[in-house]
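Working notes for the structure below.
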Amino acid sequence: MRMESSVKDYDIMTQEQRQFLSDSWPGVMNWNVSMAEYCTLKAGGEAEALAVVSSHRELEKLVGWLGEQKIAWRVIGRGSNILVTSSGFRGVLIILGNEFSSVISRECSTEGVILVNAGAGCSVSRLVGWCTQQSLSGLEFMSGIPGSVGGALRMNAGAWGKEIGEYVESVFFVDTEGTFHNVPGSEIDFSYRRMIPRNKHLKNGIITGAEFSLPIGHQRDIFEKCRENQALRREKQPLGVPSAGSFFRNPEGDSAGRLIEAAGLKGMKKGNAMVSPKHANFIVNTGEATADDIVGLMNEIRQRVFEFSGIMLEPEVHVL
Ligand SMILES: Cc1cc2nc3c(=O)[nH]c(=O)nc-3n(C[C@H](O)[C@H](O)[C@H](O)COP(=O)(O)OP(=O)(O)OC[C@H]3O[C@@H](n4cnc5c(N)ncnc54)[C@H](O)[C@@H]3O)c2cc1C
């Protein structure tokens with residue numbers, strides 16, 4: 001299984017580096033942060049540091065300095081598709097704040113279409129609500145997905161047969177050296193829960209926002225569609241308990257939930273992590289589950305589904 005982090009290659013920050021960041025960083029920098037507070041699974045190890053970056057200038061400066069110092073970093077969104085292991089994240093996790101939360105629109109040369117520019121730090125629910133208010137259709141399928149615009153783009157989030165990549169006109173990145181890029185959608189490969197810019201330089205880049213091309217629709221229809229989608233979620237998914245949504249990727253031609261259920265694993269527990277009895281592809285935190293409980297259950301599911309079906313499930317959740 002591919003771990004989503006390269007941080008294990010980095011050393012813990014030196015006292016001098018910590019002191020420098022504490023003294024010179026103008027924004028919010030928290031130390032030894034329990035990631036349970038920042039993930040929808042409500043579990044996870046500690047991040048050595050967590051920075052909230054409120055402007056492009058701050059972002060470029062921080063990333064540039066961390067790169068020079070060879071300190072690991074990673075941008076996260078609303079934590080609805082990540083799990084930090086019990087050994088924690090060595091380095092700085094970055095959350096995009098203020099300047100990355102705006103939503104604005106402009107005319108498009110195609111009649112009946114509007115270009116919507118949304119910051120990566122904006123929540124998906126705010127973007128969908130804003131589009132509904134403006135009578136812009138297309139993103140109704142995102143209604144109920146609990147992440148940020150940046151996380152949704154990175155994951156090519158999708159539901160009900162649609163994916164966010166279908167509506168992208170361009171994506172804005174800051175590369176690992178701190179340089180800004182505006183990349184047309186045609187230069188980005190969107191596939192099932194993946195987004196890969198063709199420019200290899202941007203593979204680990206930070207998404208700072210995107211422009212979406214959305215047709216003008218009827219407000220009442222858009223609103224109704226969002227409501228329907230939310231009702232379907234309530235019917236099929238365990239929404240009252242902490243989770244990260246679908247935990248495993250669907251294998252080609254099959255569904256992870258079907259395989260887990262067929263292997264008889266609904267309701268299986270490891271500590272306080274449980275395979276949801278309502279939707280087998282959801283691992284839920286029934287109380288004070290630890291990251292070890294969740295990783296342990298994930299491994300057990302993979303093993304048992306493999307023995308049952310010959311298929312090794314791959315996590316959709318990024319384990320950092
Ligand atoms: C109840 C529930 C239902 C869900 N339903 C769906 C669904 O229907 N469809 C679906 O696709 N997903 C679903 N999810 C999963 C999740 O909400 C999406 O994957 C979401 O898009 C993740 O966004 P986030 O901001 O929380 O990202 P995070 O979980 O914080 O991060 C996910 C990944 O993206 C990276 N990342 C985040 N922001 C940036 C950025 N600005 N630049 C570069 N990389 C970045 C992170 O490093 C990490 O690797 C669901 C989750 C829950 C809890």
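By order in the structure tokens, chains are A, B, ...; within a chain, residues start at 1; ligands start at 1, following the order shown.
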
- Query: Can you list every residue in stretch 128-319 of chain A that DSSP puts in helix (DSSP H, G or I), as number ranges by chain?
  - Reply: A: 128-133, 139-142, 149-154, 164-167, 185-187, 200-202, 219-236, 256-262, 291-309

- Task: Please identify every polymer residue within 8 Å of ligand 1, using only C-alpha atoms and all ligand atoms, and present the set as a PyMOL selection string.
- Result: chain A and resi 4+39-41+74-82+95-96+120-121+123-124+142+144-160+163+173+193+204-209+237-239+242-246+317-318+320

- Query: Expressed in Å to a single decimal, how great is the separation between atom CA of A:Thr286 and atom CA of A:Glu314?
  - Reply: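 The value is 22.8 Å.
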
- Query: Can you list every residue in stretch 2-198 of chain A that DSSP puts in strand (DSSP E or B), as a ChimeraX atom specification?
  - Reply: /A:28-34,46-53,73-76,82-83,89-96,103-107,113-119,123,136,148,158-159,162-163,168-174,180-184,188-191,194-197

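Ranking A:Ala231, A:Val103, A:Val116, A:Ala49 by their shortest atom-to-atom distance to A:Phe89, with only C-alpha atoms included, puts A:Ala49 first.
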
- Task: May I ask which of the residues A:Thr176, A:Ser255, A:Ser276, A:Asn117 is the closest one to A:Glu68, counting only C-alpha atoms?
- Result: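 Answer, going by the shortest atom-to-atom distance: A:Thr176.
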
Using only C-alpha atoms, which protein or nucleic acid residues come within 12 Å of A:Asn299? Drop anything in the same chain fewer than 5 positions from it, and give the result as an mmCIF file with N, CA, C and O atoms, in the first residue's frame.
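Wrote part_22.cif, looks like this:
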```
data_model
loop_
_atom_site.group_PDB
_atom_site.id
_atom_site.type_symbol
_atom_site.label_atom_id
_atom_site.label_comp_id
_atom_site.auth_asym_id
_atom_site.auth_seq_id
_atom_site.Cartn_x
_atom_site.Cartn_y
_atom_site.Cartn_z
ATOM 1 N N MET A 1 0.846 -1.203 0.000
ATOM 2 C CA MET A 1 0.000 0.000 0.000
ATOM 3 C C MET A 1 0.877 1.247 0.000
ATOM 4 O O MET A 1 1.855 1.311 0.733
ATOM 5 N N PHE A 247 -13.890 4.589 2.606
ATOM 6 C CA PHE A 247 -12.499 4.428 3.041
ATOM 7 C C PHE A 247 -11.624 3.850 1.937
ATOM 8 O O PHE A 247 -10.462 4.218 1.791
ATOM 9 N N PHE A 248 -12.208 2.929 1.131
ATOM 10 C CA PHE A 248 -11.408 2.263 0.092
ATOM 11 C C PHE A 248 -11.869 2.694 -1.299
ATOM 12 O O PHE A 248 -13.038 3.022 -1.507
ATOM 13 N N LYS A 270 -12.301 -2.897 15.690
ATOM 14 C CA LYS A 270 -10.927 -2.934 16.261
ATOM 15 C C LYS A 270 -10.903 -1.754 17.222
ATOM 16 O O LYS A 270 -11.021 -0.599 16.785
ATOM 17 N N ILE A 283 -15.494 3.357 7.496
ATOM 18 C CA ILE A 283 -14.976 3.017 8.822
ATOM 19 C C ILE A 283 -15.400 4.168 9.719
ATOM 20 O O ILE A 283 -15.122 5.334 9.411
ATOM 21 N N ASP A 292 -4.321 3.987 15.473
ATOM 22 C CA ASP A 292 -3.926 2.567 15.415
ATOM 23 C C ASP A 292 -5.152 1.663 15.248
ATOM 24 O O ASP A 292 -5.106 0.672 14.524
ATOM 25 N N ASP A 293 -6.257 2.001 15.949
ATOM 26 C CA ASP A 293 -7.499 1.214 15.782
ATOM 27 C C ASP A 293 -7.913 1.238 14.307
ATOM 28 O O ASP A 293 -8.264 0.208 13.724
ATOM 29 N N ILE A 294 -7.881 2.438 13.726
ATOM 30 C CA ILE A 294 -8.384 2.599 12.343
ATOM 31 C C ILE A 294 -7.455 1.907 11.346
ATOM 32 O O ILE A 294 -7.918 1.177 10.467
ATOM 33 N N ARG A 304 -8.885 -9.676 4.915
ATOM 34 C CA ARG A 304 -10.049 -10.576 4.866
ATOM 35 C C ARG A 304 -10.723 -10.504 3.501
ATOM 36 O O ARG A 304 -11.180 -11.527 2.980
ATOM 37 N N VAL A 305 -10.791 -9.314 2.905
ATOM 38 C CA VAL A 305 -11.404 -9.204 1.570
ATOM 39 C C VAL A 305 -10.520 -9.930 0.557
ATOM 40 O O VAL A 305 -11.019 -10.611 -0.354
ATOM 41 N N PHE A 306 -9.214 -9.855 0.737
ATOM 42 C CA PHE A 306 -8.298 -10.541 -0.183
ATOM 43 C C PHE A 306 -8.497 -12.062 -0.096
ATOM 44 O O PHE A 306 -8.594 -12.746 -1.115
ATOM 45 N N MET A 312 -7.177 -7.069 -3.518
ATOM 46 C CA MET A 312 -6.576 -6.275 -2.436
ATOM 47 C C MET A 312 -7.098 -4.850 -2.558
ATOM 48 O O MET A 312 -6.812 -4.158 -3.539
ATOM 49 N N LEU A 313 -7.884 -4.429 -1.593
ATOM 50 C CA LEU A 313 -8.451 -3.069 -1.643
ATOM 51 C C LEU A 313 -7.370 -2.032 -1.366
ATOM 52 O O LEU A 313 -6.480 -2.249 -0.544
ATOM 53 N N GLU A 314 -7.467 -0.896 -2.031
ATOM 54 C CA GLU A 314 -6.545 0.212 -1.797
ATOM 55 C C GLU A 314 -7.315 1.339 -1.107
ATOM 56 O O GLU A 314 -8.432 1.671 -1.529
ATOM 57 N N PRO A 315 -6.723 1.946 -0.081
ATOM 58 C CA PRO A 315 -7.449 3.031 0.600
ATOM 59 C C PRO A 315 -7.638 4.249 -0.292
ATOM 60 O O PRO A 315 -6.747 4.592 -1.072
#
```

- A:Ile301: which residues within 9 Å, counting only C-alpha atoms, same-chain residues fewer than 6 positions away excluded, as a ChimeraX atom specification? /A:260,263,265,268,275,313

Keeping only all heavy atoms, take the residues you just selected and write them out as a compact mmCIF listing (two decimals), in the first residue's frame.
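Output file out29.txt follows:
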```txt
# COMPACT_ATOMS: atom_id res chain seq x y z
N ILE A 260 -16.74 -5.81 0.92
CA ILE A 260 -16.57 -5.86 2.39
C ILE A 260 -17.80 -6.51 3.03
O ILE A 260 -17.70 -7.36 3.91
CB ILE A 260 -16.32 -4.44 2.96
CG1 ILE A 260 -15.02 -3.85 2.38
CG2 ILE A 260 -16.27 -4.45 4.48
CD1 ILE A 260 -14.84 -2.35 2.60
N ALA A 263 -17.87 -10.21 2.36
CA ALA A 263 -16.89 -10.94 3.18
C ALA A 263 -17.37 -11.04 4.64
O ALA A 263 -16.68 -11.60 5.49
CB ALA A 263 -15.54 -10.23 3.12
N LEU A 265 -18.05 -8.54 6.84
CA LEU A 265 -17.30 -7.69 7.77
C LEU A 265 -18.09 -6.51 8.33
O LEU A 265 -17.56 -5.74 9.14
CB LEU A 265 -16.02 -7.17 7.09
CG LEU A 265 -15.12 -8.26 6.49
CD1 LEU A 265 -13.88 -7.64 5.86
CD2 LEU A 265 -14.72 -9.28 7.55
N MET A 268 -17.71 -5.23 12.03
CA MET A 268 -16.45 -5.68 12.65
C MET A 268 -15.75 -4.50 13.34
O MET A 268 -15.75 -3.39 12.81
CB MET A 268 -15.53 -6.27 11.57
CG MET A 268 -14.24 -6.83 12.16
SD MET A 268 -13.28 -7.78 10.98
CE MET A 268 -12.63 -6.50 9.93
N VAL A 275 -16.51 -1.15 11.15
CA VAL A 275 -17.06 -1.13 9.79
C VAL A 275 -18.54 -0.79 9.96
O VAL A 275 -19.27 -1.50 10.66
CB VAL A 275 -16.92 -2.51 9.11
CG1 VAL A 275 -17.56 -2.49 7.73
CG2 VAL A 275 -15.46 -2.94 9.04
N LEU A 313 -7.88 -4.43 -1.59
CA LEU A 313 -8.45 -3.07 -1.64
C LEU A 313 -7.37 -2.03 -1.37
O LEU A 313 -6.48 -2.25 -0.54
CB LEU A 313 -9.56 -2.93 -0.60
CG LEU A 313 -10.83 -3.76 -0.83
CD1 LEU A 313 -11.80 -3.58 0.35
CD2 LEU A 313 -11.52 -3.37 -2.14
```

- atom CA of A:Val168 and atom CA of A:Phe212, how far apart in Å?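 Going from atom CA of A:Phe212 over to atom CA of A:Val168, I get 4.6 Å.
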
- Query: Between atom CA of A:Phe180 and atom CA of A:Gly129, what is the spacing in Å?
  - Reply: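 Computing it gives 28.1 Å between the two atoms.
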
- Message: With only C-alpha atoms as the counted atoms, please give the residues lying no more than 10 Å from A:Trp25, apart from itself and same-chain residues fewer than 2 positions off, as a VMD selection string.
- Response: chain A and resid 19 to 23 27 to 29 51 53 58 61 to 62

Just all heavy atoms for this one: save the residues we selected as a JSON list (two decimals), in the first residue's frame.
```json
[["chain", "number", "residue", "atom", "x", "y", "z"],
["A", 19, "GLN", "N", 12.50, 27.46, 16.97],
["A", 19, "GLN", "CA", 12.60, 28.80, 17.54],
["A", 19, "GLN", "C", 12.45, 29.85, 16.44],
["A", 19, "GLN", "O", 11.71, 30.84, 16.59],
["A", 19, "GLN", "CB", 13.98, 28.96, 18.23],
["A", 19, "GLN", "CG", 14.04, 30.12, 19.21],
["A", 19, "GLN", "CD", 13.01, 29.96, 20.33],
["A", 19, "GLN", "OE1", 12.95, 28.90, 20.96],
["A", 19, "GLN", "NE2", 12.19, 30.97, 20.56],
["A", 20, "PHE", "N", 13.09, 29.59, 15.30],
["A", 20, "PHE", "CA", 13.03, 30.54, 14.19],
["A", 20, "PHE", "C", 11.58, 30.70, 13.71],
["A", 20, "PHE", "O", 11.08, 31.81, 13.52],
["A", 20, "PHE", "CB", 13.93, 30.07, 13.04],
["A", 20, "PHE", "CG", 13.90, 31.01, 11.87],
["A", 20, "PHE", "CD1", 14.67, 32.17, 11.87],
["A", 20, "PHE", "CD2", 13.07, 30.77, 10.76],
["A", 20, "PHE", "CE1", 14.62, 33.06, 10.81],
["A", 20, "PHE", "CE2", 13.02, 31.66, 9.70],
["A", 20, "PHE", "CZ", 13.79, 32.81, 9.72],
["A", 21, "LEU", "N", 10.90, 29.55, 13.56],
["A", 21, "LEU", "CA", 9.50, 29.61, 13.10],
["A", 21, "LEU", "C", 8.62, 30.33, 14.12],
["A", 21, "LEU", "O", 7.79, 31.17, 13.77],
["A", 21, "LEU", "CB", 8.96, 28.20, 12.86],
["A", 21, "LEU", "CG", 9.13, 27.62, 11.46],
["A", 21, "LEU", "CD1", 8.52, 26.24, 11.39],
["A", 21, "LEU", "CD2", 8.50, 28.51, 10.39],
["A", 22, "SER", "N", 8.82, 30.01, 15.40],
["A", 22, "SER", "CA", 8.01, 30.65, 16.46],
["A", 22, "SER", "C", 8.23, 32.15, 16.47],
["A", 22, "SER", "O", 7.28, 32.92, 16.60],
["A", 22, "SER", "CB", 8.39, 30.11, 17.83],
["A", 22, "SER", "OG", 8.07, 28.78, 17.93],
["A", 23, "ASP", "N", 9.50, 32.56, 16.31],
["A", 23, "ASP", "CA", 9.82, 33.99, 16.42],
["A", 23, "ASP", "C", 9.44, 34.78, 15.17],
["A", 23, "ASP", "O", 9.02, 35.93, 15.26],
["A", 23, "ASP", "CB", 11.33, 34.20, 16.66],
["A", 23, "ASP", "CG", 11.74, 33.65, 18.01],
["A", 23, "ASP", "OD1", 10.84, 33.39, 18.82],
["A", 23, "ASP", "OD2", 12.95, 33.46, 18.22],
["A", 27, "GLY", "N", 2.00, 34.49, 11.10],
["A", 27, "GLY", "CA", 0.64, 33.94, 11.22],
["A", 27, "GLY", "C", 0.51, 32.95, 12.37],
["A", 27, "GLY", "O", 1.33, 32.90, 13.28],
["A", 28, "VAL", "N", -0.55, 32.13, 12.29],
["A", 28, "VAL", "CA", -0.81, 31.15, 13.35],
["A", 28, "VAL", "C", 0.08, 29.93, 13.14],
["A", 28, "VAL", "O", 0.10, 29.34, 12.07],
["A", 28, "VAL", "CB", -2.30, 30.69, 13.30],
["A", 28, "VAL", "CG1", -2.60, 29.69, 14.40],
["A", 28, "VAL", "CG2", -3.23, 31.89, 13.38],
["A", 29, "MET", "N", 0.84, 29.57, 14.18],
["A", 29, "MET", "CA", 1.68, 28.35, 14.14],
["A", 29, "MET", "C", 1.46, 27.61, 15.44],
["A", 29, "MET", "O", 1.79, 28.12, 16.52],
["A", 29, "MET", "CB", 3.14, 28.76, 13.96],
["A", 29, "MET", "CG", 4.14, 27.61, 13.93],
["A", 29, "MET", "SD", 4.16, 26.66, 12.39],
["A", 29, "MET", "CE", 4.79, 27.84, 11.22],
["A", 51, "ALA", "N", 0.30, 25.19, 10.58],
["A", 51, "ALA", "CA", 0.29, 26.63, 10.27],
["A", 51, "ALA", "C", -0.96, 26.99, 9.48],
["A", 51, "ALA", "O", -1.34, 26.27, 8.56],
["A", 51, "ALA", "CB", 1.52, 26.99, 9.44],
["A", 53, "VAL", "N", -2.17, 29.67, 6.96],
["A", 53, "VAL", "CA", -1.54, 30.67, 6.10],
["A", 53, "VAL", "C", -2.63, 31.55, 5.52],
["A", 53, "VAL", "O", -3.58, 31.05, 4.91],
["A", 53, "VAL", "CB", -0.78, 29.94, 4.98],
["A", 53, "VAL", "CG1", -0.32, 30.90, 3.94],
["A", 53, "VAL", "CG2", 0.39, 29.19, 5.55],
["A", 58, "GLU", "N", 2.42, 34.96, 2.33],
["A", 58, "GLU", "CA", 2.82, 34.12, 3.46],
["A", 58, "GLU", "C", 3.11, 32.69, 3.00],
["A", 58, "GLU", "O", 4.09, 32.08, 3.43],
["A", 58, "GLU", "CB", 1.68, 34.06, 4.49],
["A", 58, "GLU", "CG", 1.70, 35.18, 5.50],
["A", 58, "GLU", "CD", 0.63, 34.98, 6.59],
["A", 58, "GLU", "OE1", 0.13, 33.85, 6.79],
["A", 58, "GLU", "OE2", 0.31, 35.98, 7.22],
["A", 61, "LYS", "N", 6.40, 32.40, 1.14],
["A", 61, "LYS", "CA", 7.53, 32.58, 2.07],
["A", 61, "LYS", "C", 7.75, 31.31, 2.90],
["A", 61, "LYS", "O", 8.87, 30.81, 3.03],
["A", 61, "LYS", "CB", 7.21, 33.75, 3.02],
["A", 61, "LYS", "CG", 8.30, 34.80, 3.07],
["A", 61, "LYS", "CD", 7.86, 35.95, 3.91],
["A", 61, "LYS", "CE", 8.81, 36.10, 5.08],
["A", 61, "LYS", "NZ", 8.46, 37.21, 5.94],
["A", 62, "LEU", "N", 6.65, 30.79, 3.43],
["A", 62, "LEU", "CA", 6.76, 29.63, 4.32],
["A", 62, "LEU", "C", 7.28, 28.41, 3.56],
["A", 62, "LEU", "O", 8.22, 27.74, 4.00],
["A", 62, "LEU", "CB", 5.38, 29.30, 4.94],
["A", 62, "LEU", "CG", 5.36, 28.13, 5.92],
["A", 62, "LEU", "CD1", 6.25, 28.39, 7.12],
["A", 62, "LEU", "CD2", 3.94, 27.83, 6.39]]
```

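Using only C-alpha atoms, the nearest neighbour of A:Lys203 within the list A:Phe141, A:His218, A:Gly112, A:Asp175 is A:Asp175.
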
- Item | Minimum-distance residue to A:Ser55, chosen among A:Gly240, A:Pro26, A:Pro277, A:Pro197 (using only C-alpha atoms) | A:Pro26

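Non-sequential neighbours of stretch 184-189 of chain A (distance at most 9 Å, separation of 4 or more positions within a chain, only C-alpha atoms) are Gly165, Glu166, Tyr167, Val168, Glu169, Ser170, Val171, Phe172, Arg194, Met195, Ile196, Pro197, Arg198 and Asn199 of chain A.
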